[in-house]
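Visitor: Structure file upload_4.cif (mmCIF, C-alpha atoms) right here:
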data_run
#
loop_
_atom_site.group_PDB
_atom_site.id
_atom_site.type_symbol
_atom_site.label_atom_id
_atom_site.label_comp_id
_atom_site.auth_asym_id
_atom_site.auth_seq_id
_atom_site.Cartn_x
_atom_site.Cartn_y
_atom_site.Cartn_z
ATOM 1 C CA MET P 3 5.531 19.741 -5.900
ATOM 2 C CA MET P 4 5.331 19.575 -2.145
ATOM 3 C CA ASN P 5 7.767 20.296 0.604
ATOM 4 C CA VAL P 6 8.348 18.451 3.831
ATOM 5 C CA GLN P 7 6.690 21.186 5.927
ATOM 6 C CA ASP P 8 3.492 21.212 3.824
ATOM 7 C CA LEU P 9 3.175 17.463 3.996
ATOM 8 C CA LYS P 10 3.818 17.398 7.727
ATOM 9 C CA ALA P 11 1.218 20.142 8.280
ATOM 10 C CA LEU P 12 -1.411 18.269 6.254
ATOM 11 C CA ILE P 13 -0.927 15.071 8.222
ATOM 12 C CA GLU P 14 -0.972 16.938 11.535
ATOM 13 C CA ARG P 15 -4.174 18.721 10.562
ATOM 14 C CA GLY P 16 -5.897 15.423 9.769
ATOM 15 C CA LEU P 17 -4.542 13.708 12.874
ATOM 16 C CA PRO P 18 -4.505 16.242 15.702
ATOM 17 C CA GLY P 19 -1.965 15.407 18.371
ATOM 18 C CA ALA P 20 0.022 13.046 16.156
ATOM 19 C CA TYR P 21 3.810 12.995 16.131
ATOM 20 C CA VAL P 22 4.906 13.332 12.504
ATOM 21 C CA GLU P 23 8.323 13.063 10.857
ATOM 22 C CA VAL P 24 8.628 13.602 7.114
ATOM 23 C CA ARG P 25 11.696 13.170 4.926
ATOM 24 C CA ASP P 26 12.114 14.010 1.242
ATOM 25 C CA MET P 27 13.911 10.952 -0.037
ATOM 26 C CA THR P 28 15.193 12.315 -3.330
ATOM 27 C CA GLY P 29 15.054 16.075 -2.840
ATOM 28 C CA GLY P 30 12.665 16.215 -5.775
ATOM 29 C CA GLY P 31 9.531 17.025 -3.811
ATOM 30 C CA ASP P 32 7.574 13.945 -4.835
ATOM 31 C CA HIS P 33 9.112 10.932 -3.040
ATOM 32 C CA PHE P 34 8.604 11.095 0.693
ATOM 33 C CA GLU P 35 8.970 8.995 3.772
ATOM 34 C CA ALA P 36 6.828 9.626 6.846
ATOM 35 C CA LEU P 37 6.616 8.310 10.375
ATOM 36 C CA VAL P 38 3.249 8.980 11.991
ATOM 37 C CA VAL P 39 2.590 8.177 15.639
ATOM 38 C CA SER P 40 -1.003 8.582 16.792
ATOM 39 C CA ASP P 41 -3.326 7.102 19.379
ATOM 40 C CA ARG P 42 -5.966 7.031 16.630
ATOM 41 C CA PHE P 43 -4.174 3.976 15.211
ATOM 42 C CA GLU P 44 -5.023 2.004 18.329
ATOM 43 C CA GLY P 45 -6.996 -1.134 17.429
ATOM 44 C CA LYS P 46 -6.645 -0.484 13.683
ATOM 45 C CA GLY P 47 -4.959 -2.689 11.079
ATOM 46 C CA LEU P 48 -2.251 -1.361 8.759
ATOM 47 C CA VAL P 49 -4.648 -0.779 5.870
ATOM 48 C CA GLU P 50 -6.945 1.383 8.009
ATOM 49 C CA ARG P 51 -3.999 3.290 9.501
ATOM 50 C CA HIS P 52 -2.613 4.158 6.090
ATOM 51 C CA GLN P 53 -6.106 5.095 4.884
ATOM 52 C CA VAL P 54 -6.410 7.584 7.747
ATOM 53 C CA VAL P 55 -3.139 9.241 6.677
ATOM 54 C CA TYR P 56 -4.096 9.197 2.981
ATOM 55 C CA ALA P 57 -7.437 10.793 3.866
ATOM 56 C CA ALA P 58 -5.591 13.584 5.678
ATOM 57 C CA LEU P 59 -3.489 14.191 2.566
ATOM 58 C CA GLY P 60 -6.512 14.220 0.260
ATOM 59 C CA ASP P 61 -5.803 15.640 -3.191
ATOM 60 C CA ALA P 62 -2.124 16.118 -2.421
ATOM 61 C CA MET P 63 -1.757 12.338 -2.383
ATOM 62 C CA ARG P 64 -3.480 11.958 -5.741
ATOM 63 C CA GLU P 65 -1.626 14.748 -7.468
ATOM 64 C CA ALA P 66 1.580 16.150 -6.004
ATOM 65 C CA VAL P 67 2.948 13.128 -4.204
ATOM 66 C CA HIS P 68 4.159 10.274 -6.353
ATOM 67 C CA ALA P 69 5.316 8.109 -3.498
ATOM 68 C CA LEU P 70 5.003 8.136 0.248
ATOM 69 C CA ALA P 71 6.585 5.392 2.300
ATOM 70 C CA LEU P 72 4.540 5.234 5.482
ATOM 71 C CA LYS P 73 5.269 3.932 8.934
ATOM 72 C CA THR P 74 2.252 4.124 11.238
ATOM 73 C CA LEU P 75 2.680 3.425 14.946
ATOM 74 C CA THR P 76 0.635 3.795 18.096
ATOM 75 C CA PRO P 77 2.350 5.701 20.940
ATOM 76 C CA ALA P 78 2.923 2.367 22.721
ATOM 77 C CA GLN P 79 4.571 0.816 19.654
ATOM 78 C CA HIS P 80 6.712 3.899 19.219
ATOM 79 C CA GLN P 81 7.936 3.618 22.805
ATOM 80 C CA THR P 82 9.056 0.011 22.411
ATOM 81 C CA ARG P 83 10.899 0.729 19.166
ATOM 82 C CA ARG P 84 13.034 3.527 20.490
ATOM 83 C CA MET W 12 -15.930 -6.117 -23.440
ATOM 84 C CA SER W 13 -16.155 -6.174 -19.646
ATOM 85 C CA ASN W 14 -15.986 -2.980 -17.679
ATOM 86 C CA ALA W 15 -13.074 -2.055 -15.448
ATOM 87 C CA ILE W 16 -14.734 -3.095 -12.184
ATOM 88 C CA GLU W 17 -15.469 -6.541 -13.627
ATOM 89 C CA ARG W 18 -11.869 -6.873 -14.770
ATOM 90 C CA ILE W 19 -10.670 -5.922 -11.272
ATOM 91 C CA GLN W 20 -13.020 -8.386 -9.601
ATOM 92 C CA SER W 21 -12.170 -11.245 -11.915
ATOM 93 C CA ALA W 22 -8.431 -10.688 -11.330
ATOM 94 C CA ILE W 23 -8.976 -10.701 -7.558
ATOM 95 C CA THR W 24 -11.171 -13.783 -7.512
ATOM 96 C CA GLY W 25 -9.088 -15.611 -10.121
ATOM 97 C CA ASN W 26 -5.820 -15.373 -8.175
ATOM 98 C CA LYS W 27 -5.193 -16.255 -4.549
ATOM 99 C CA ILE W 28 -2.538 -13.540 -4.650
ATOM 100 C CA CYS W 29 -3.286 -10.709 -7.041
ATOM 101 C CA ILE W 30 -0.949 -7.751 -7.538
ATOM 102 C CA PHE W 31 -2.026 -4.593 -9.357
ATOM 103 C CA MET W 32 1.290 -3.157 -10.472
ATOM 104 C CA LYS W 33 3.026 -0.862 -12.945
ATOM 105 C CA GLY W 34 4.579 -3.044 -15.620
ATOM 106 C CA THR W 35 5.102 -6.798 -15.459
ATOM 107 C CA PRO W 36 7.088 -9.001 -13.037
ATOM 108 C CA ASN W 37 9.917 -9.186 -15.582
ATOM 109 C CA PHE W 38 9.718 -5.530 -16.539
ATOM 110 C CA PRO W 39 8.367 -3.571 -13.582
ATOM 111 C CA GLN W 40 8.041 0.142 -14.373
ATOM 112 C CA CYS W 41 8.236 1.397 -10.806
ATOM 113 C CA GLY W 42 10.525 0.583 -7.899
ATOM 114 C CA PHE W 43 7.642 -0.029 -5.509
ATOM 115 C CA SER W 44 5.978 -2.495 -7.855
ATOM 116 C CA ALA W 45 9.341 -4.205 -8.356
ATOM 117 C CA ALA W 46 9.962 -4.479 -4.605
ATOM 118 C CA THR W 47 6.494 -5.937 -4.017
ATOM 119 C CA VAL W 48 6.862 -8.593 -6.710
ATOM 120 C CA GLN W 49 10.309 -9.467 -5.385
ATOM 121 C CA ILE W 50 8.902 -10.337 -1.976
ATOM 122 C CA PHE W 51 6.451 -12.828 -3.484
ATOM 123 C CA GLU W 52 9.195 -14.205 -5.744
ATOM 124 C CA HIS W 53 11.327 -14.666 -2.679
ATOM 125 C CA LEU W 54 8.504 -16.534 -0.934
ATOM 126 C CA GLY W 55 8.203 -18.750 -4.001
ATOM 127 C CA VAL W 56 4.428 -18.567 -4.162
ATOM 128 C CA PRO W 57 2.336 -18.237 -7.324
ATOM 129 C CA TYR W 58 0.700 -14.868 -7.902
ATOM 130 C CA GLY W 59 -1.195 -13.099 -10.625
ATOM 131 C CA THR W 60 -0.471 -9.563 -11.768
ATOM 132 C CA VAL W 61 -2.423 -6.856 -13.544
ATOM 133 C CA ASP W 62 -0.395 -4.210 -15.374
ATOM 134 C CA VAL W 63 -2.289 -0.988 -14.718
ATOM 135 C CA LEU W 64 -0.166 0.891 -17.256
ATOM 136 C CA SER W 65 -1.675 -1.207 -20.032
ATOM 137 C CA ASP W 66 -5.208 -0.694 -18.679
ATOM 138 C CA PRO W 67 -5.743 2.987 -17.743
ATOM 139 C CA GLU W 68 -9.370 2.326 -16.740
ATOM 140 C CA VAL W 69 -8.316 -0.283 -14.209
ATOM 141 C CA ARG W 70 -5.509 2.001 -13.012
ATOM 142 C CA ASP W 71 -8.074 4.664 -12.254
ATOM 143 C CA GLN W 72 -10.845 2.447 -10.872
ATOM 144 C CA VAL W 73 -8.767 0.186 -8.641
ATOM 145 C CA LYS W 74 -7.824 3.180 -6.479
ATOM 146 C CA ALA W 75 -11.487 3.854 -5.709
ATOM 147 C CA TYR W 76 -12.269 0.148 -5.461
ATOM 148 C CA SER W 77 -9.651 -0.376 -2.733
ATOM 149 C CA ASN W 78 -9.905 3.146 -1.274
ATOM 150 C CA TRP W 79 -6.152 3.317 -1.774
ATOM 151 C CA PRO W 80 -4.405 6.102 -3.715
ATOM 152 C CA THR W 81 -1.303 4.325 -4.945
ATOM 153 C CA ILE W 82 -0.051 1.363 -6.989
ATOM 154 C CA PRO W 83 0.989 -1.414 -6.264
ATOM 155 C CA GLN W 84 -1.984 -2.946 -4.498
ATOM 156 C CA VAL W 85 -2.042 -6.519 -3.247
ATOM 157 C CA TYR W 86 -5.086 -8.732 -2.703
ATOM 158 C CA ILE W 87 -4.826 -12.091 -0.943
ATOM 159 C CA ASP W 88 -7.826 -14.419 -0.820
ATOM 160 C CA GLY W 89 -9.987 -11.664 -2.244
ATOM 161 C CA LYS W 90 -9.102 -9.247 0.536
ATOM 162 C CA PHE W 91 -7.148 -6.008 0.118
ATOM 163 C CA VAL W 92 -3.917 -6.381 2.090
ATOM 164 C CA GLY W 93 -2.079 -3.168 1.254
ATOM 165 C CA GLY W 94 0.631 -1.534 -0.801
ATOM 166 C CA CYS W 95 4.403 -1.897 -0.837
ATOM 167 C CA ASP W 96 5.061 -0.665 2.735
ATOM 168 C CA ILE W 97 2.477 -2.952 4.303
ATOM 169 C CA ILE W 98 3.609 -5.994 2.327
ATOM 170 C CA ARG W 99 7.183 -5.300 3.414
ATOM 171 C CA GLU W 100 6.117 -4.904 7.037
ATOM 172 C CA LEU W 101 3.994 -8.085 6.979
ATOM 173 C CA TYR W 102 6.926 -9.924 5.433
ATOM 174 C CA GLU W 103 9.305 -8.697 8.135
ATOM 175 C CA THR W 104 6.950 -9.754 10.929
ATOM 176 C CA GLY W 105 6.342 -13.147 9.282
ATOM 177 C CA GLU W 106 2.605 -12.552 8.903
ATOM 178 C CA LEU W 107 2.756 -12.566 5.122
ATOM 179 C CA GLN W 108 4.284 -16.029 5.118
ATOM 180 C CA THR W 109 1.263 -17.277 7.099
ATOM 181 C CA MET W 110 -1.201 -15.522 4.832
ATOM 182 C CA VAL W 111 0.167 -17.086 1.649
ATOM 183 C CA LYS W 112 0.521 -20.595 3.092
ATOM 184 C CA PRO W 113 -2.972 -22.128 2.871
ATOM 185 C CA ALA W 114 -3.766 -24.038 -0.287
ATOM 186 C CA SER W 115 -5.296 -22.042 -3.101
ATOM 187 C CA GLY W 116 -8.936 -21.179 -2.492
ATOM 188 C CA GLN W 117 -8.877 -21.813 1.250
ATOM 189 C CA PRO W 118 -9.174 -18.836 3.554
ATOM 190 C CA ALA W 119 -5.923 -17.765 5.166
ATOM 191 C CA ALA W 120 -5.399 -19.034 8.695
ATOM 192 C CA ARG W 121 -5.380 -16.145 11.134
#
Just give me the structure as structure tokens.
Guide:
Amino acid sequence: MMNVQDLKALIERGLPGAYVEVRDMTGGGDHFEALVVSDRFEGKGLVERHQVVYAALGDAMREAVHALALKTLTPAQHQTRR
Amino acid sequence: MSNAIERIQSAITGNKICIFMKGTPNFPQCGFSAATVQIFEHLGVPYGTVDVLSDPEVRDQVKAYSNWPTIPQVYIDGKFVGGCDIIRELYETGELQTMVKPASGQPAAR
């Protein structure tokens, strides 16, 4: 079991300076949705971006989190989508 | 009896589009696997699937093989393309349609 704050903290620790939003989709503590905005995504494809986030989550991703819907944007992409 | 890595590789090389999923296209056992299959059904392109629930070794090994912690996983032309979110995003931007277009065996136009 994870909560939104733990998950957000893990991502922020792995991606310093990132803007992170996390939502628990079911309230059950295992299906989450996250928006991560970081300049570290610049020049990276989607697979690499998600891998960076998964790496930040480490064991939590393998064990506690069943599902994490991820949206990964660069600051520039985030600006244009607002 | 081949080992799990060989089974993964032969599935990837044997199918232009290869989906490692939970369950089968007709009986998906997970909403994310179901959503992924539905996108390819909608595109009307042939794809192969591997049910990781019926092959626990592959389920375990494919995560390390792709450096990806979750199922489903999609390979196109032998290349790892992503999981459910990425497939959905590529579909929405129209990129997926381009990737699946070229005739079987030819590299995807980029």
Visitor: Name every residue that the PyMOL selection byres ((chain P) within 8 of (chain W)) selects in this structure, writing the answer as a list in words with chains first and numbers rising.
Guide: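 This file, filtered by the PyMOL selection byres ((chain P) within 8 of (chain W)), leaves Leu48, Val49, Gln53, Tyr56, Met63, Arg64, Ala69, Ala71, Leu72 and Lys73 of chain P.
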Visitor: Please write the residues picked by the PyMOL selection byres ((chain W and resi 90) around 12) on this file as a PDB file with C-alpha atoms, in the coordinates of the input.
Guide:
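Everything below was put into part00.pdb:
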ATOM      1  CA  VAL P  49      -4.648  -0.779   5.870  1.00  0.00           C
TER       2      VAL P  49
ATOM      3  CA  GLN W  20     -13.020  -8.386  -9.601  1.00  0.00           C
ATOM      4  CA  ALA W  22      -8.431 -10.688 -11.330  1.00  0.00           C
ATOM      5  CA  ILE W  23      -8.976 -10.701  -7.558  1.00  0.00           C
ATOM      6  CA  THR W  24     -11.171 -13.783  -7.512  1.00  0.00           C
ATOM      7  CA  ASN W  26      -5.820 -15.373  -8.175  1.00  0.00           C
ATOM      8  CA  LYS W  27      -5.193 -16.255  -4.549  1.00  0.00           C
ATOM      9  CA  ILE W  28      -2.538 -13.540  -4.650  1.00  0.00           C
ATOM     10  CA  CYS W  29      -3.286 -10.709  -7.041  1.00  0.00           C
ATOM     11  CA  ILE W  30      -0.949  -7.751  -7.538  1.00  0.00           C
ATOM     12  CA  TYR W  76     -12.269   0.148  -5.461  1.00  0.00           C
ATOM     13  CA  SER W  77      -9.651  -0.376  -2.733  1.00  0.00           C
ATOM     14  CA  GLN W  84      -1.984  -2.946  -4.498  1.00  0.00           C
ATOM     15  CA  VAL W  85      -2.042  -6.519  -3.247  1.00  0.00           C
ATOM     16  CA  TYR W  86      -5.086  -8.732  -2.703  1.00  0.00           C
ATOM     17  CA  ILE W  87      -4.826 -12.091  -0.943  1.00  0.00           C
ATOM     18  CA  ASP W  88      -7.826 -14.419  -0.820  1.00  0.00           C
ATOM     19  CA  GLY W  89      -9.987 -11.664  -2.244  1.00  0.00           C
ATOM     20  CA  PHE W  91      -7.148  -6.008   0.118  1.00  0.00           C
ATOM     21  CA  VAL W  92      -3.917  -6.381   2.090  1.00  0.00           C
ATOM     22  CA  GLY W  93      -2.079  -3.168   1.254  1.00  0.00           C
ATOM     23  CA  MET W 110      -1.201 -15.522   4.832  1.00  0.00           C
ATOM     24  CA  PRO W 118      -9.174 -18.836   3.554  1.00  0.00           C
ATOM     25  CA  ALA W 119      -5.923 -17.765   5.166  1.00  0.00           C
TER      26      ALA W 119
END
Visitor: What does the distance between CA of Leu70 in chain P and CA of Asp32 in chain P come to in Å, to one decimal place?
Guide: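 For CA of Leu70 in chain P relative to CA of Asp32 in chain P, the distance reads 8.1 Å.
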Visitor: List the residues selected by the PyMOL selection byres ((chain P and resi 13) around 9) in the file shown, writing them as a list in words.
Guide: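 Expected selection for the PyMOL selection byres ((chain P and resi 13) around 9) here is Asp8, Leu9, Lys10, Ala11, Leu12, Glu14, Arg15, Gly16, Leu17, Pro18, Ala20, Val22, Val38, Val55, Tyr56, Ala57, Ala58 and Leu59 of chain P.
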Visitor: Find the residues near Ala15 in chain W: any atom within 10 Å, counting all atoms listed in the file, skip ones fewer than 4 places away on the same chain, and give them as a PDB file with C-alpha atoms, in the coordinates of the input.
Guide:
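Ended up saving to out-v7.pdb:
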ATOM      1  CA  ILE W  19     -10.670  -5.922 -11.272  1.00  0.00           C
ATOM      2  CA  GLN W  20     -13.020  -8.386  -9.601  1.00  0.00           C
ATOM      3  CA  SER W  21     -12.170 -11.245 -11.915  1.00  0.00           C
ATOM      4  CA  ASP W  66      -5.208  -0.694 -18.679  1.00  0.00           C
ATOM      5  CA  PRO W  67      -5.743   2.987 -17.743  1.00  0.00           C
ATOM      6  CA  GLU W  68      -9.370   2.326 -16.740  1.00  0.00           C
ATOM      7  CA  VAL W  69      -8.316  -0.283 -14.209  1.00  0.00           C
ATOM      8  CA  ARG W  70      -5.509   2.001 -13.012  1.00  0.00           C
ATOM      9  CA  ASP W  71      -8.074   4.664 -12.254  1.00  0.00           C
ATOM     10  CA  GLN W  72     -10.845   2.447 -10.872  1.00  0.00           C
ATOM     11  CA  VAL W  73      -8.767   0.186  -8.641  1.00  0.00           C
TER      12      VAL W  73
END
Visitor: Just checking: using only C-alpha atoms, which residue out of W:Thr109, W:Ser13, W:Thr60, W:Ser65 ends up closest to Pro36 in chain W?
Guide: W:Thr60
Visitor: For Gln40 in chain W, please output as number ranges by chain all residues within 12 Å (counting all atoms listed in the file; exclusion window: fewer than 4 positions along the same chain).
Guide: W: 32-36, 44-46, 48, 62-65, 82-83
Visitor: Residues near Phe34 in chain P, anyone? I mean within 6 Å using all atoms listed in the file, not counting same-chain ones fewer than 4 positions away, as a list in words.
Guide: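 Near Phe34 in chain P, the qualifying residues are Arg25, Asp26, Met27 and Leu70 of chain P.
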Visitor: In Å to one decimal, how far is CA of Lys46 in chain P from CA of Pro57 in chain W?
Guide: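 CA of Pro57 in chain W sits 28.9 Å away from CA of Lys46 in chain P.
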Visitor: Might you pull out every residue within 7 Å of Ser40 in chain P, with all atoms listed in the file counted and same-chain residues fewer than 3 positions away left off, and present them as a VMD selection string?
Guide: chain P and resid 20 to 21 43 75 to 77
Visitor: Applying 8 Å and only C-alpha atoms, which residues near Tyr102 in chain W remain after dropping the ones on its own chain fewer than 5 positions away? List them as a VMD selection string.
Guide: chain W and resid 50 107 to 108
Visitor: CA of Gly25 in chain W and CA of Val61 in chain W, how far apart in Å?
Guide: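 CA of Val61 in chain W sits 11.5 Å away from CA of Gly25 in chain W.
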Visitor: Using the file's own x, y and z axes, what box holds all listed atoms of range 11-25 of chain P with 8 Å on each side, keeping edges along x, y and z, and what are its centre and edge lengths in Å to one decimal, as JSON?
Guide:
{"center_x": 2.9, "center_y": 16.6, "center_z": 11.6, "size_x": 33.6, "size_y": 23.1, "size_z": 29.4}
Visitor: How about completing range 30-44 of chain W with N, CA and C atoms and giving it to me as a PDB file, in the coordinates of the input?
Guide:
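Full text of part20.pdb as output:
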ATOM      1  N   ILE W  30      -1.688  -9.004  -7.693  1.00  0.00           N
ATOM      2  CA  ILE W  30      -0.949  -7.751  -7.538  1.00  0.00           C
ATOM      3  C   ILE W  30      -1.290  -6.799  -8.694  1.00  0.00           C
ATOM      4  N   PHE W  31      -1.854  -5.655  -8.365  1.00  0.00           N
ATOM      5  CA  PHE W  31      -2.026  -4.593  -9.357  1.00  0.00           C
ATOM      6  C   PHE W  31      -0.740  -3.786  -9.329  1.00  0.00           C
ATOM      7  N   MET W  32      -0.049  -3.757 -10.461  1.00  0.00           N
ATOM      8  CA  MET W  32       1.290  -3.157 -10.472  1.00  0.00           C
ATOM      9  C   MET W  32       1.514  -2.332 -11.738  1.00  0.00           C
ATOM     10  N   LYS W  33       2.621  -1.576 -11.744  1.00  0.00           N
ATOM     11  CA  LYS W  33       3.026  -0.862 -12.945  1.00  0.00           C
ATOM     12  C   LYS W  33       4.056  -1.710 -13.662  1.00  0.00           C
ATOM     13  N   GLY W  34       3.698  -2.170 -14.864  1.00  0.00           N
ATOM     14  CA  GLY W  34       4.579  -3.044 -15.620  1.00  0.00           C
ATOM     15  C   GLY W  34       4.287  -4.507 -15.314  1.00  0.00           C
ATOM     16  N   THR W  35       5.254  -5.358 -15.640  1.00  0.00           N
ATOM     17  CA  THR W  35       5.102  -6.798 -15.459  1.00  0.00           C
ATOM     18  C   THR W  35       6.191  -7.278 -14.500  1.00  0.00           C
ATOM     19  N   PRO W  36       6.050  -8.503 -13.954  1.00  0.00           N
ATOM     20  CA  PRO W  36       7.088  -9.001 -13.037  1.00  0.00           C
ATOM     21  C   PRO W  36       8.489  -8.941 -13.655  1.00  0.00           C
ATOM     22  N   ASN W  37       8.604  -9.239 -14.939  1.00  0.00           N
ATOM     23  CA  ASN W  37       9.917  -9.186 -15.582  1.00  0.00           C
ATOM     24  C   ASN W  37      10.363  -7.768 -15.923  1.00  0.00           C
ATOM     25  N   PHE W  38       9.389  -6.910 -16.196  1.00  0.00           N
ATOM     26  CA  PHE W  38       9.718  -5.530 -16.539  1.00  0.00           C
ATOM     27  C   PHE W  38       8.879  -4.542 -15.736  1.00  0.00           C
ATOM     28  N   PRO W  39       9.116  -4.519 -14.403  1.00  0.00           N
ATOM     29  CA  PRO W  39       8.367  -3.571 -13.582  1.00  0.00           C
ATOM     30  C   PRO W  39       8.771  -2.142 -13.953  1.00  0.00           C
ATOM     31  N   GLN W  40       7.782  -1.239 -13.951  1.00  0.00           N
ATOM     32  CA  GLN W  40       8.041   0.142 -14.373  1.00  0.00           C
ATOM     33  C   GLN W  40       8.121   1.102 -13.191  1.00  0.00           C
ATOM     34  N   CYS W  41       8.201   0.544 -11.999  1.00  0.00           N
ATOM     35  CA  CYS W  41       8.236   1.397 -10.806  1.00  0.00           C
ATOM     36  C   CYS W  41       8.925   0.598  -9.705  1.00  0.00           C
ATOM     37  N   GLY W  42       9.755   1.261  -8.938  1.00  0.00           N
ATOM     38  CA  GLY W  42      10.525   0.583  -7.899  1.00  0.00           C
ATOM     39  C   GLY W  42       9.659  -0.087  -6.835  1.00  0.00           C
ATOM     40  N   PHE W  43       8.504   0.527  -6.552  1.00  0.00           N
ATOM     41  CA  PHE W  43       7.642  -0.029  -5.509  1.00  0.00           C
ATOM     42  C   PHE W  43       6.945  -1.294  -6.005  1.00  0.00           C
ATOM     43  N   SER W  44       6.561  -1.287  -7.267  1.00  0.00           N
ATOM     44  CA  SER W  44       5.978  -2.495  -7.855  1.00  0.00           C
ATOM     45  C   SER W  44       7.033  -3.599  -7.899  1.00  0.00           C
TER      46      SER W  44
END
